[in-house]
$ cat start_36.json   # JSON, C-alpha atoms
[["chain", "number", "residue", "atom", "x", "y", "z"],
["A", 1, "MET", "CA", -18.93, -40.61, 20.58],
["A", 2, "SER", "CA", -19.25, -42.24, 23.99],
["A", 3, "GLN", "CA", -18.28, -40.31, 27.10],
["A", 4, "PRO", "CA", -15.78, -41.63, 29.67],
["A", 5, "ALA", "CA", -17.30, -43.05, 32.81],
["A", 6, "VAL", "CA", -17.73, -40.39, 35.50],
["A", 7, "ALA", "CA", -17.06, -41.24, 39.10],
["A", 8, "ALA", "CA", -19.38, -39.41, 41.46],
["A", 9, "GLN", "CA", -18.33, -38.53, 44.98],
["A", 10, "PRO", "CA", -20.69, -37.91, 47.88],
["A", 11, "ALA", "CA", -20.85, -34.40, 49.27],
["A", 12, "ALA", "CA", -18.44, -33.75, 52.09],
["A", 13, "PRO", "CA", -20.04, -34.11, 55.55],
["A", 14, "GLU", "CA", -19.71, -30.41, 56.31],
["A", 15, "ASP", "CA", -21.86, -29.61, 53.28],
["A", 16, "HIS", "CA", -24.76, -31.93, 54.11],
["A", 17, "PRO", "CA", -26.80, -29.07, 55.60],
["A", 18, "TYR", "CA", -26.63, -27.32, 52.22],
["A", 19, "GLY", "CA", -28.46, -30.03, 50.33],
["A", 20, "PRO", "CA", -27.75, -33.09, 48.18],
["A", 21, "TYR", "CA", -25.08, -32.58, 45.52],
["A", 22, "LEU", "CA", -23.26, -34.73, 43.03],
["A", 23, "THR", "CA", -19.55, -33.90, 43.32],
["A", 24, "LEU", "CA", -17.23, -34.32, 40.34],
["A", 25, "ASP", "CA", -13.51, -33.71, 40.41],
["A", 26, "ARG", "CA", -11.84, -31.62, 37.69],
["A", 27, "GLN", "CA", -10.89, -34.61, 35.52],
["A", 28, "HIS", "CA", -14.36, -36.14, 35.54],
["A", 29, "TRP", "CA", -16.09, -32.81, 35.03],
["A", 30, "ALA", "CA", -13.85, -32.03, 32.04],
["A", 31, "ALA", "CA", -14.78, -35.38, 30.46],
["A", 32, "LEU", "CA", -18.41, -34.25, 30.19],
["A", 33, "ALA", "CA", -17.68, -31.55, 27.63],
["A", 34, "ALA", "CA", -19.12, -32.09, 24.20],
["A", 35, "ALA", "CA", -16.63, -32.80, 21.42],
["A", 36, "ARG", "CA", -16.62, -29.31, 19.96],
["A", 37, "PRO", "CA", -13.79, -26.81, 19.58],
["A", 38, "ASP", "CA", -12.94, -24.20, 22.19],
["A", 39, "ASN", "CA", -12.88, -21.11, 20.01],
["A", 40, "LEU", "CA", -12.06, -18.38, 22.52],
["A", 41, "ASP", "CA", -8.92, -16.75, 21.20],
["A", 42, "ALA", "CA", -6.31, -15.24, 23.52],
["A", 43, "VAL", "CA", -7.49, -11.67, 22.93],
["A", 44, "THR", "CA", -11.09, -12.54, 23.85],
["A", 45, "LEU", "CA", -9.99, -14.42, 26.94],
["A", 46, "ARG", "CA", -7.90, -11.48, 28.13],
["A", 47, "ARG", "CA", -10.90, -9.20, 27.66],
["A", 48, "LEU", "CA", -13.17, -11.46, 29.71],
["A", 49, "ARG", "CA", -10.82, -12.06, 32.62],
["A", 50, "GLY", "CA", -11.02, -9.93, 35.75],
["A", 51, "ILE", "CA", -8.03, -8.15, 37.28],
["A", 52, "GLY", "CA", -5.47, -10.71, 38.37],
["A", 53, "ASP", "CA", -7.63, -13.64, 37.26],
["A", 54, "PRO", "CA", -5.43, -16.38, 35.74],
["A", 55, "THR", "CA", -8.22, -18.25, 33.90],
["A", 56, "ASP", "CA", -6.63, -19.81, 30.82],
["A", 57, "ALA", "CA", -7.69, -21.80, 27.77],
["A", 58, "ALA", "CA", -7.48, -25.08, 29.69],
["A", 59, "GLU", "CA", -9.84, -23.72, 32.34],
["A", 60, "VAL", "CA", -12.30, -22.67, 29.66],
["A", 61, "ARG", "CA", -12.14, -26.06, 27.98],
["A", 62, "GLU", "CA", -12.24, -28.20, 31.12],
["A", 63, "VAL", "CA", -14.60, -26.20, 33.34],
["A", 64, "TYR", "CA", -16.66, -23.69, 31.41],
["A", 65, "LEU", "CA", -17.44, -25.71, 28.28],
["A", 66, "PRO", "CA", -19.03, -28.52, 30.33],
["A", 67, "LEU", "CA", -20.98, -25.94, 32.32],
["A", 68, "THR", "CA", -22.12, -24.29, 29.09],
["A", 69, "ASP", "CA", -23.26, -27.65, 27.72],
["A", 70, "LEU", "CA", -25.21, -28.35, 30.91],
["A", 71, "LEU", "CA", -26.82, -24.91, 30.73],
["A", 72, "SER", "CA", -27.71, -25.58, 27.11],
["A", 73, "LEU", "CA", -29.59, -28.70, 28.21],
["A", 74, "TYR", "CA", -31.39, -26.72, 30.90],
["A", 75, "THR", "CA", -32.44, -23.99, 28.47],
["A", 76, "GLU", "CA", -33.70, -26.52, 25.92],
["A", 77, "ARG", "CA", -35.70, -28.51, 28.47],
["A", 78, "THR", "CA", -37.08, -25.39, 30.10],
["A", 79, "GLY", "CA", -38.19, -24.14, 26.69],
["A", 80, "ALA", "CA", -39.87, -27.47, 25.95],
["A", 81, "LEU", "CA", -41.69, -27.37, 29.29],
["A", 82, "PHE", "CA", -42.82, -23.79, 28.59],
["A", 83, "ALA", "CA", -44.24, -24.82, 25.20],
["A", 84, "SER", "CA", -45.93, -27.95, 26.55],
["A", 85, "SER", "CA", -47.51, -26.22, 29.53],
["A", 86, "HIS", "CA", -48.78, -23.39, 27.34],
["A", 87, "ASP", "CA", -50.31, -25.91, 24.93],
["A", 88, "PHE", "CA", -51.95, -27.70, 27.83],
["A", 89, "LEU", "CA", -53.37, -24.48, 29.25],
["A", 90, "GLY", "CA", -54.41, -23.15, 25.86],
["A", 91, "LEU", "CA", -52.12, -20.14, 26.16],
["A", 92, "THR", "CA", -50.11, -18.26, 23.56],
["A", 93, "GLY", "CA", -47.13, -16.02, 23.97],
["A", 94, "GLN", "CA", -43.41, -15.75, 23.50],
["A", 95, "ARG", "CA", -41.11, -17.78, 25.71],
["A", 96, "THR", "CA", -39.65, -15.64, 28.50],
["A", 97, "PRO", "CA", -35.89, -15.39, 29.15],
["A", 98, "PHE", "CA", -33.93, -18.14, 30.88],
["A", 99, "VAL", "CA", -32.35, -16.46, 33.91],
["A", 100, "ILE", "CA", -29.03, -17.52, 35.45],
["A", 101, "GLY", "CA", -27.76, -16.21, 38.79],
["A", 102, "VAL", "CA", -24.02, -16.10, 39.59],
["A", 103, "ALA", "CA", -23.01, -15.51, 43.21],
["A", 104, "GLY", "CA", -19.87, -15.56, 45.32],
["A", 105, "SER", "CA", -17.51, -13.42, 47.35],
["A", 106, "VAL", "CA", -15.68, -10.28, 46.36],
["A", 107, "ALA", "CA", -12.46, -11.26, 44.48],
["A", 108, "VAL", "CA", -13.45, -14.93, 43.99],
["A", 109, "GLY", "CA", -13.83, -14.54, 40.22],
["A", 110, "LYS", "CA", -17.58, -14.52, 39.74],
["A", 111, "SER", "CA", -17.36, -11.64, 37.23],
["A", 112, "THR", "CA", -14.99, -13.65, 35.04],
["A", 113, "THR", "CA", -17.31, -16.65, 35.36],
["A", 114, "SER", "CA", -20.28, -14.53, 34.30],
["A", 115, "ARG", "CA", -18.52, -12.99, 31.31],
["A", 116, "LEU", "CA", -17.22, -16.38, 30.14],
["A", 117, "LEU", "CA", -20.70, -17.89, 30.36],
["A", 118, "LYS", "CA", -22.16, -14.99, 28.41],
["A", 119, "GLU", "CA", -19.58, -15.42, 25.67],
["A", 120, "LEU", "CA", -19.80, -19.21, 25.48],
["A", 121, "LEU", "CA", -23.59, -19.36, 25.64],
["A", 122, "SER", "CA", -23.89, -16.81, 22.85],
["A", 123, "ARG", "CA", -21.73, -19.11, 20.68],
["A", 124, "LEU", "CA", -24.04, -22.13, 21.05],
["A", 125, "PRO", "CA", -25.41, -23.45, 17.72],
["A", 126, "SER", "CA", -28.77, -21.81, 18.43],
["A", 127, "LYS", "CA", -27.01, -18.40, 18.76],
["A", 128, "PRO", "CA", -29.10, -17.16, 21.71],
["A", 129, "ARG", "CA", -29.06, -13.50, 22.66],
["A", 130, "VAL", "CA", -27.41, -13.30, 26.09],
["A", 131, "ASP", "CA", -27.35, -10.25, 28.36],
["A", 132, "LEU", "CA", -25.38, -9.79, 31.58],
["A", 133, "VAL", "CA", -26.36, -7.44, 34.38],
["A", 134, "THR", "CA", -24.49, -7.00, 37.66],
["A", 135, "THR", "CA", -26.27, -6.05, 40.86],
["A", 136, "ASP", "CA", -23.72, -3.28, 41.53],
["A", 137, "GLY", "CA", -26.07, -0.98, 39.65],
["A", 138, "PHE", "CA", -28.73, -1.59, 42.29],
["A", 139, "LEU", "CA", -26.59, -0.36, 45.18],
["A", 140, "PHE", "CA", -27.99, 2.76, 46.77],
["A", 141, "PRO", "CA", -26.00, 5.87, 45.75],
["A", 142, "ASN", "CA", -23.20, 6.78, 48.15],
["A", 143, "ALA", "CA", -25.04, 9.85, 49.41],
["A", 144, "GLN", "CA", -28.03, 7.73, 50.38],
["A", 145, "LEU", "CA", -25.81, 5.05, 51.93],
["A", 146, "ALA", "CA", -24.15, 7.77, 54.01],
["A", 147, "GLU", "CA", -27.54, 9.05, 55.19],
["A", 148, "LEU", "CA", -28.53, 5.52, 56.17],
["A", 149, "GLY", "CA", -25.22, 4.89, 57.94],
["A", 150, "LEU", "CA", -24.44, 2.08, 55.48],
["A", 151, "LEU", "CA", -21.44, 3.41, 53.56],
["A", 152, "GLU", "CA", -19.10, 1.12, 55.50],
["A", 153, "ARG", "CA", -21.44, -1.82, 54.81],
["A", 154, "LYS", "CA", -21.49, -1.41, 51.04],
["A", 155, "GLY", "CA", -22.09, -4.84, 49.52],
["A", 156, "TYR", "CA", -24.18, -6.08, 52.44],
["A", 157, "PRO", "CA", -27.76, -7.01, 51.50],
["A", 158, "GLU", "CA", -29.21, -3.85, 53.09],
["A", 159, "SER", "CA", -27.02, -1.61, 50.89],
["A", 160, "TYR", "CA", -28.98, -2.57, 47.78],
["A", 161, "ASP", "CA", -32.29, -1.27, 46.48],
["A", 162, "ARG", "CA", -33.71, -4.78, 46.69],
["A", 163, "HIS", "CA", -37.20, -3.72, 45.65],
["A", 164, "ARG", "CA", -35.87, -2.19, 42.42],
["A", 165, "LEU", "CA", -33.67, -5.22, 41.72],
["A", 166, "LEU", "CA", -36.57, -7.58, 42.29],
["A", 167, "ARG", "CA", -38.81, -5.55, 40.01],
["A", 168, "PHE", "CA", -36.12, -5.55, 37.29],
["A", 169, "VAL", "CA", -35.74, -9.35, 37.33],
["A", 170, "MET", "CA", -39.52, -9.88, 37.53],
["A", 171, "ASP", "CA", -40.08, -7.62, 34.52],
["A", 172, "VAL", "CA", -37.40, -9.36, 32.47],
["A", 173, "LYS", "CA", -38.68, -12.80, 33.44],
["A", 174, "SER", "CA", -42.26, -11.86, 32.62],
["A", 175, "GLY", "CA", -41.25, -10.84, 29.09],
["A", 176, "ALA", "CA", -41.45, -7.04, 29.29],
["A", 177, "PRO", "CA", -40.26, -5.60, 25.95],
["A", 178, "THR", "CA", -37.69, -3.25, 27.49],
["A", 179, "VAL", "CA", -36.31, -3.11, 31.04],
["A", 180, "THR", "CA", -33.60, -0.77, 32.32],
["A", 181, "ALA", "CA", -31.08, -1.05, 35.14],
["A", 182, "PRO", "CA", -28.86, 1.62, 36.74],
["A", 183, "VAL", "CA", -25.15, 1.79, 35.89],
["A", 184, "TYR", "CA", -22.39, 1.56, 38.50],
["A", 185, "SER", "CA", -18.85, 2.89, 38.05],
["A", 186, "HIS", "CA", -16.02, 1.18, 39.91],
["A", 187, "LEU", "CA", -13.86, 4.22, 39.15],
["A", 188, "ILE", "CA", -16.02, 6.68, 41.04],
["A", 189, "TYR", "CA", -17.35, 3.92, 43.34],
["A", 190, "ASP", "CA", -20.92, 5.11, 42.85],
["A", 191, "ILE", "CA", -24.03, 4.99, 40.70],
["A", 192, "VAL", "CA", -23.63, 6.99, 37.48],
["A", 193, "PRO", "CA", -26.46, 9.56, 37.35],
["A", 194, "ASP", "CA", -28.80, 9.41, 34.35],
["A", 195, "GLN", "CA", -27.19, 6.32, 32.84],
["A", 196, "VAL", "CA", -28.95, 2.99, 32.37],
["A", 197, "VAL", "CA", -28.35, -0.35, 30.72],
["A", 198, "THR", "CA", -31.26, -1.62, 28.63],
["A", 199, "VAL", "CA", -32.37, -5.24, 28.41],
["A", 200, "SER", "CA", -34.76, -6.10, 25.58],
["A", 201, "GLN", "CA", -36.13, -9.64, 25.77],
["A", 202, "PRO", "CA", -32.90, -11.65, 25.64],
["A", 203, "ASP", "CA", -33.03, -15.41, 25.32],
["A", 204, "ILE", "CA", -30.78, -15.69, 28.38],
["A", 205, "LEU", "CA", -30.11, -13.19, 31.15],
["A", 206, "ILE", "CA", -27.20, -13.60, 33.59],
["A", 207, "VAL", "CA", -27.56, -11.75, 36.90],
["A", 208, "GLU", "CA", -24.26, -11.53, 38.79],
["A", 209, "GLY", "CA", -23.82, -10.30, 42.34],
["A", 210, "LEU", "CA", -22.72, -10.97, 45.90],
["A", 211, "ASN", "CA", -26.18, -11.57, 47.29],
["A", 212, "VAL", "CA", -28.30, -12.80, 44.39],
["A", 213, "LEU", "CA", -29.04, -16.10, 46.15],
["A", 214, "GLN", "CA", -30.43, -14.46, 49.27],
["A", 215, "PRO", "CA", -33.79, -15.95, 50.32],
["A", 216, "ALA", "CA", -36.87, -13.78, 50.70],
["A", 217, "ARG", "CA", -37.01, -11.64, 53.83],
["A", 218, "ARG", "CA", -39.58, -12.29, 56.48],
["A", 219, "ARG", "CA", -42.07, -9.45, 56.93],
["A", 220, "ALA", "CA", -43.11, -8.03, 60.28],
["A", 221, "ASN", "CA", -46.35, -10.04, 60.13],
["A", 222, "GLY", "CA", -44.43, -13.28, 59.69],
["A", 223, "SER", "CA", -45.12, -13.71, 55.97],
["A", 224, "THR", "CA", -42.44, -13.75, 53.29],
["A", 225, "GLY", "CA", -42.31, -12.03, 49.95],
["A", 226, "LEU", "CA", -40.42, -12.85, 46.79],
["A", 227, "ALA", "CA", -36.66, -12.99, 46.29],
["A", 228, "VAL", "CA", -34.63, -12.37, 43.15],
["A", 229, "SER", "CA", -33.51, -16.01, 43.26],
["A", 230, "ASP", "CA", -37.14, -17.13, 42.92],
["A", 231, "PHE", "CA", -36.87, -16.15, 39.24],
["A", 232, "PHE", "CA", -33.65, -18.02, 38.47],
["A", 233, "ASP", "CA", -33.77, -21.08, 36.24],
["A", 234, "PHE", "CA", -30.18, -22.00, 37.16],
["A", 235, "SER", "CA", -27.63, -20.59, 39.57],
["A", 236, "VAL", "CA", -23.88, -20.83, 40.08],
["A", 237, "TYR", "CA", -21.90, -20.19, 43.27],
["A", 238, "VAL", "CA", -18.17, -19.57, 42.88],
["A", 239, "ASP", "CA", -16.45, -20.86, 46.02],
["A", 240, "ALA", "CA", -12.98, -20.96, 47.60],
["A", 241, "ALA", "CA", -11.31, -21.09, 51.01],
["A", 242, "ASP", "CA", -11.37, -17.91, 53.09],
["A", 243, "ASP", "CA", -7.59, -17.50, 53.17],
["A", 244, "ASP", "CA", -7.35, -17.87, 49.40],
["A", 245, "ILE", "CA", -10.05, -15.28, 48.70],
["A", 246, "ARG", "CA", -8.45, -12.87, 51.17],
["A", 247, "SER", "CA", -5.07, -13.21, 49.43],
["A", 248, "TRP", "CA", -6.68, -12.72, 45.99],
["A", 249, "TYR", "CA", -8.44, -9.60, 47.27],
["A", 250, "ILE", "CA", -5.18, -8.13, 48.54],
["A", 251, "ALA", "CA", -3.40, -8.97, 45.26],
["A", 252, "ARG", "CA", -6.19, -7.30, 43.27],
["A", 253, "PHE", "CA", -6.12, -4.26, 45.55],
["A", 254, "LEU", "CA", -2.38, -3.88, 44.92],
["A", 255, "GLN", "CA", -2.89, -4.09, 41.17],
["A", 256, "LEU", "CA", -5.52, -1.35, 41.39],
["A", 257, "TRP", "CA", -3.17, 0.65, 43.66],
["A", 258, "GLU", "CA", -0.61, 0.54, 40.86],
["A", 259, "THR", "CA", -3.12, 1.49, 38.14],
["A", 260, "ALA", "CA", -6.73, 2.65, 38.57],
["A", 261, "PHE", "CA", -6.25, 4.25, 42.00],
["A", 262, "ARG", "CA", -3.79, 6.70, 40.42],
["A", 263, "ASP", "CA", -6.53, 8.16, 38.20],
["A", 264, "PRO", "CA", -7.47, 11.58, 39.64],
["A", 265, "LEU", "CA", -11.15, 10.68, 39.15],
["A", 266, "SER", "CA", -10.85, 7.51, 41.24],
["A", 267, "TYR", "CA", -12.74, 7.40, 44.52],
["A", 268, "PHE", "CA", -9.68, 5.65, 45.94],
["A", 269, "VAL", "CA", -7.06, 8.09, 44.65],
["A", 270, "ARG", "CA", -5.99, 8.77, 48.25],
["A", 271, "PHE", "CA", -4.69, 5.20, 48.47],
["A", 272, "SER", "CA", -2.22, 5.86, 45.64],
["A", 273, "GLU", "CA", -0.09, 7.85, 48.07],
["A", 274, "LEU", "CA", 0.43, 4.82, 50.31],
["A", 275, "SER", "CA", 3.59, 2.76, 50.21],
["A", 276, "ARG", "CA", 3.25, -0.82, 49.01],
["A", 277, "GLU", "CA", 3.48, -2.05, 52.59],
["A", 278, "GLU", "CA", 0.80, 0.43, 53.69],
["A", 279, "ALA", "CA", -1.45, -0.50, 50.75],
["A", 280, "THR", "CA", -1.14, -4.19, 51.65],
["A", 281, "ALA", "CA", -2.09, -3.44, 55.24],
["A", 282, "GLN", "CA", -5.01, -1.26, 54.08],
["A", 283, "ALA", "CA", -6.35, -4.02, 51.84],
["A", 284, "GLY", "CA", -6.15, -6.56, 54.67],
["A", 285, "SER", "CA", -7.93, -4.17, 57.00],
["A", 286, "ILE", "CA", -10.77, -3.58, 54.53],
["A", 287, "TRP", "CA", -11.16, -7.31, 54.01],
["A", 288, "ASP", "CA", -11.19, -8.09, 57.73],
["A", 289, "ALA", "CA", -13.65, -5.31, 58.55],
["A", 290, "ILE", "CA", -16.08, -5.49, 55.61],
["A", 291, "ASN", "CA", -15.69, -8.15, 52.93],
["A", 292, "GLY", "CA", -14.74, -11.07, 55.15],
["A", 293, "PRO", "CA", -17.66, -10.60, 57.58],
["A", 294, "ASN", "CA", -20.05, -10.09, 54.64],
["A", 295, "LEU", "CA", -18.88, -13.38, 53.17],
["A", 296, "ASP", "CA", -19.35, -15.21, 56.47],
["A", 297, "LEU", "CA", -22.67, -13.66, 57.44],
["A", 298, "ASN", "CA", -24.48, -13.15, 54.15],
["A", 299, "ILE", "CA", -22.85, -14.66, 51.08],
["A", 300, "ARG", "CA", -21.59, -18.14, 51.96],
["A", 301, "PRO", "CA", -24.82, -19.13, 53.77],
["A", 302, "THR", "CA", -26.54, -18.91, 50.36],
["A", 303, "ARG", "CA", -24.12, -21.37, 48.74],
["A", 304, "GLY", "CA", -26.40, -24.36, 49.27],
["A", 305, "ARG", "CA", -29.15, -22.68, 47.28],
["A", 306, "ALA", "CA", -27.11, -22.83, 44.06],
["A", 307, "THR", "CA", -27.66, -25.32, 41.25],
["A", 308, "ALA", "CA", -23.90, -25.59, 40.70],
["A", 309, "ILE", "CA", -20.91, -24.85, 42.92],
["A", 310, "LEU", "CA", -17.48, -24.22, 41.37],
["A", 311, "ARG", "CA", -14.79, -24.76, 43.99],
["A", 312, "LYS", "CA", -11.44, -23.09, 43.36],
["A", 313, "GLY", "CA", -8.08, -24.08, 44.81],
["A", 314, "THR", "CA", -5.24, -21.84, 45.94],
["A", 315, "ASP", "CA", -4.10, -21.44, 42.31],
["A", 316, "HIS", "CA", -7.48, -19.88, 41.39],
["A", 317, "GLN", "CA", -8.28, -22.94, 39.24],
["A", 318, "VAL", "CA", -11.53, -24.88, 39.69],
["A", 319, "SER", "CA", -10.68, -28.19, 41.37],
["A", 320, "TRP", "CA", -14.16, -29.71, 41.62],
["A", 321, "VAL", "CA", -17.77, -29.02, 40.76],
["A", 322, "ARG", "CA", -20.97, -29.82, 42.62],
["A", 323, "ILE", "CA", -24.32, -30.12, 40.87],
["A", 324, "ARG", "CA", -27.53, -30.15, 42.86],
["A", 325, "LYS", "CA", -29.35, -33.44, 42.40],
["A", 326, "VAL", "CA", -32.81, -32.22, 43.44]]

$ encode --input "start_36.json" --output "structure tokens"
Amino acid sequence: MSQPAVAAQPAAPEDHPYGPYLTLDRQHWAALAAARPDNLDAVTLRRLRGIGDPTDAAEVREVYLPLTDLLSLYTERTGALFASSHDFLGLTGQRTPFVIGVAGSVAVGKSTTSRLLKELLSRLPSKPRVDLVTTDGFLFPNAQLAELGLLERKGYPESYDRHRLLRFVMDVKSGAPTVTAPVYSHLIYDIVPDQVVTVSQPDILIVEGLNVLQPARRRANGSTGLAVSDFFDFSVYVDAADDDIRSWYIARFLQLWETAFRDPLSYFVRFSELSREEATAQAGSIWDAINGPNLDLNIRPTRGRATAILRKGTDHQVSWVRIRKV
């Protein structure tokens, strides 16, 4: 079955510094999907969506199925290159996992994107084993952040155990039989002691986090080391306008204020005593002091390192997609 012609648009001038991209609007991107059924039922979709995320069946069909098909091509071609290069070099060994990075701001919907990709990729005809790990588990524990004076900068690059995160991704990518990662609880807002998530040679690993596209840091002697993103085979940046993300953050905060914050075990239980007006003001203050500056200083500057950029409109729906050409 032939595909409709796709009209490509040049990258907007303000994005030229971020590299050459092919830009496709929603209609043209949706036309790239393979002619296969979207089999995510309503219950599954509700389970995969984040708090307040309105992603619906149309979004899955028109945005995430084409992205899944593109990722399928990447995994197949990467596997073929692995086999050919090993034959050429006279090497043997099992193919190592295909690693996908998903980045973006707090409240932009990157967790929903990651969970949808995990579900859809696992349903490909080849039935790959897909694991998802978030970098929240690699945050330093709150006690250590407090000692370092970083508790109010949680989510900034320096608040993560970057060495441990890098080692985790390197071990997975190198084919280690079993690799473990720490577990983070959003309820207690901290690392859960003595709990780990285990990754055992998946076909595909998705690594989701605010700063996963950060470049390698420069050492004191002027040299640079490795970055987590050096081990990605494909990466996705979920993007939106500042004002939209700020409003989504406040809306999510209010939903948590009505639900999770009222749990006596919640780190944020003190916020449950606020009035709705006070909770709204508190959310805006947190965004303006922490999450907004982190987005401006650390997260958005990595956008141009992504293979694909999903740009959302005010309605939280993806309006266009950019794919890196080189």

$ residues_around --input "start_36.json" --residues "Asn211 (chain A)" --least-positions-apart "6" --cutoff "7 Å" --atoms "only C-alpha atoms" --output "number ranges by chain"
A: 103, 157, 299

$ closest_residue --input "start_36.json" --among "A:Ala251, A:Met170, A:Val183, A:Leu73" --to "Val228 (chain A)" --atoms "all atoms listed in the file"
A:Met170

$ atom_distance --input "start_36.json" --atom1 "CA of Ala289 (chain A)" --atom2 "CA of Tyr156 (chain A)"
12.2 Å

$ atom_distance --input "start_36.json" --atom1 "CA of Asp244 (chain A)" --atom2 "CA of Leu145 (chain A)"
29.5 Å

$ atom_distance --input "start_36.json" --atom1 "CA of Pro20 (chain A)" --atom2 "CA of Ser235 (chain A)"
15.2 Å

$ closest_residue --input "start_36.json" --among "A:Arg162, A:His316, A:Arg305, A:Arg262" --to "Tyr249 (chain A)" --atoms "all atoms listed in the file"
A:His316

$ closest_residue --input "start_36.json" --among "A:Gln214, A:Ser72, A:Thr134, A:Ser159" --to "Tyr184 (chain A)" --atoms "only C-alpha atoms"
A:Thr134

$ residues_around --input "start_36.json" --residues "Gly284 (chain A)" --least-positions-apart "5" --cutoff "10 Å" --atoms "all atoms listed in the file" --output "ChimeraX atom specification"
/A:246-247,249-250,253,278-279,289,291-292

$ closest_residue --input "start_36.json" --among "A:Asn142, A:Thr23, A:Ser319, A:Thr307" --to "Val236 (chain A)" --atoms "all atoms listed in the file"
A:Thr307

$ closest_residue --input "start_36.json" --among "A:Pro193, A:Gly209, A:Gly155, A:Pro141" --to "Ile100 (chain A)" --atoms "only C-alpha atoms"
A:Gly209

$ closest_residue --input "start_36.json" --among "A:Gly52, A:Gly225, A:Pro66, A:Gly93" --to "Gln27 (chain A)" --atoms "only C-alpha atoms"
A:Pro66

$ residues_around --input "start_36.json" --residues "Thr135 (chain A)" --least-positions-apart "3" --cutoff "8 Å" --atoms "only C-alpha atoms" --output "PyMOL selection string"
chain A and resi 138-139+165+207-210+212

$ decode --input "start_36.json" --residues "region 59-75 of chain A" --atoms "N, CA and C atoms" --output "PDB file, in the first residue's frame"
ATOM      1  N   GLU A  59      -4.113  10.175  19.485  1.00  0.00           N
ATOM      2  CA  GLU A  59      -2.712  10.556  19.682  1.00  0.00           C
ATOM      3  C   GLU A  59      -1.800   9.340  19.524  1.00  0.00           C
ATOM      4  N   VAL A  60      -2.240   8.227  20.073  1.00  0.00           N
ATOM      5  CA  VAL A  60      -1.461   6.992  19.930  1.00  0.00           C
ATOM      6  C   VAL A  60      -1.339   6.616  18.457  1.00  0.00           C
ATOM      7  N   ARG A  61      -2.442   6.648  17.758  1.00  0.00           N
ATOM      8  CA  ARG A  61      -2.465   6.232  16.356  1.00  0.00           C
ATOM      9  C   ARG A  61      -1.668   7.183  15.461  1.00  0.00           C
ATOM     10  N   GLU A  62      -1.812   8.491  15.696  1.00  0.00           N
ATOM     11  CA  GLU A  62      -1.249   9.472  14.782  1.00  0.00           C
ATOM     12  C   GLU A  62       0.162   9.929  15.137  1.00  0.00           C
ATOM     13  N   VAL A  63       0.566   9.723  16.375  1.00  0.00           N
ATOM     14  CA  VAL A  63       1.900  10.176  16.802  1.00  0.00           C
ATOM     15  C   VAL A  63       2.794   9.010  17.196  1.00  0.00           C
ATOM     16  N   TYR A  64       2.301   8.153  18.076  1.00  0.00           N
ATOM     17  CA  TYR A  64       3.174   7.140  18.652  1.00  0.00           C
ATOM     18  C   TYR A  64       3.331   5.896  17.790  1.00  0.00           C
ATOM     19  N   LEU A  65       2.335   5.561  16.972  1.00  0.00           N
ATOM     20  CA  LEU A  65       2.533   4.442  16.045  1.00  0.00           C
ATOM     21  C   LEU A  65       3.591   4.763  14.988  1.00  0.00           C
ATOM     22  N   PRO A  66       3.555   5.955  14.360  1.00  0.00           N
ATOM     23  CA  PRO A  66       4.644   6.268  13.429  1.00  0.00           C
ATOM     24  C   PRO A  66       6.019   6.265  14.099  1.00  0.00           C
ATOM     25  N   LEU A  67       6.075   6.788  15.327  1.00  0.00           N
ATOM     26  CA  LEU A  67       7.362   6.800  16.027  1.00  0.00           C
ATOM     27  C   LEU A  67       7.818   5.371  16.327  1.00  0.00           C
ATOM     28  N   THR A  68       6.879   4.514  16.697  1.00  0.00           N
ATOM     29  CA  THR A  68       7.222   3.111  16.950  1.00  0.00           C
ATOM     30  C   THR A  68       7.733   2.438  15.679  1.00  0.00           C
ATOM     31  N   ASP A  69       7.088   2.731  14.551  1.00  0.00           N
ATOM     32  CA  ASP A  69       7.536   2.146  13.284  1.00  0.00           C
ATOM     33  C   ASP A  69       8.941   2.628  12.921  1.00  0.00           C
ATOM     34  N   LEU A  70       9.209   3.910  13.159  1.00  0.00           N
ATOM     35  CA  LEU A  70      10.548   4.430  12.876  1.00  0.00           C
ATOM     36  C   LEU A  70      11.579   3.763  13.790  1.00  0.00           C
ATOM     37  N   LEU A  71      11.239   3.617  15.052  1.00  0.00           N
ATOM     38  CA  LEU A  71      12.147   2.956  15.985  1.00  0.00           C
ATOM     39  C   LEU A  71      12.369   1.494  15.591  1.00  0.00           C
ATOM     40  N   SER A  72      11.337   0.862  15.063  1.00  0.00           N
ATOM     41  CA  SER A  72      11.497  -0.517  14.604  1.00  0.00           C
ATOM     42  C   SER A  72      12.529  -0.595  13.484  1.00  0.00           C
ATOM     43  N   LEU A  73      12.478   0.369  12.558  1.00  0.00           N
ATOM     44  CA  LEU A  73      13.477   0.420  11.492  1.00  0.00           C
ATOM     45  C   LEU A  73      14.879   0.608  12.063  1.00  0.00           C
ATOM     46  N   TYR A  74      15.004   1.503  13.025  1.00  0.00           N
ATOM     47  CA  TYR A  74      16.305   1.763  13.637  1.00  0.00           C
ATOM     48  C   TYR A  74      16.840   0.506  14.323  1.00  0.00           C
ATOM     49  N   THR A  75      15.988  -0.199  15.058  1.00  0.00           N
ATOM     50  CA  THR A  75      16.460  -1.394  15.761  1.00  0.00           C
ATOM     51  C   THR A  75      16.883  -2.477  14.774  1.00  0.00           C
TER      52      THR A  75
END
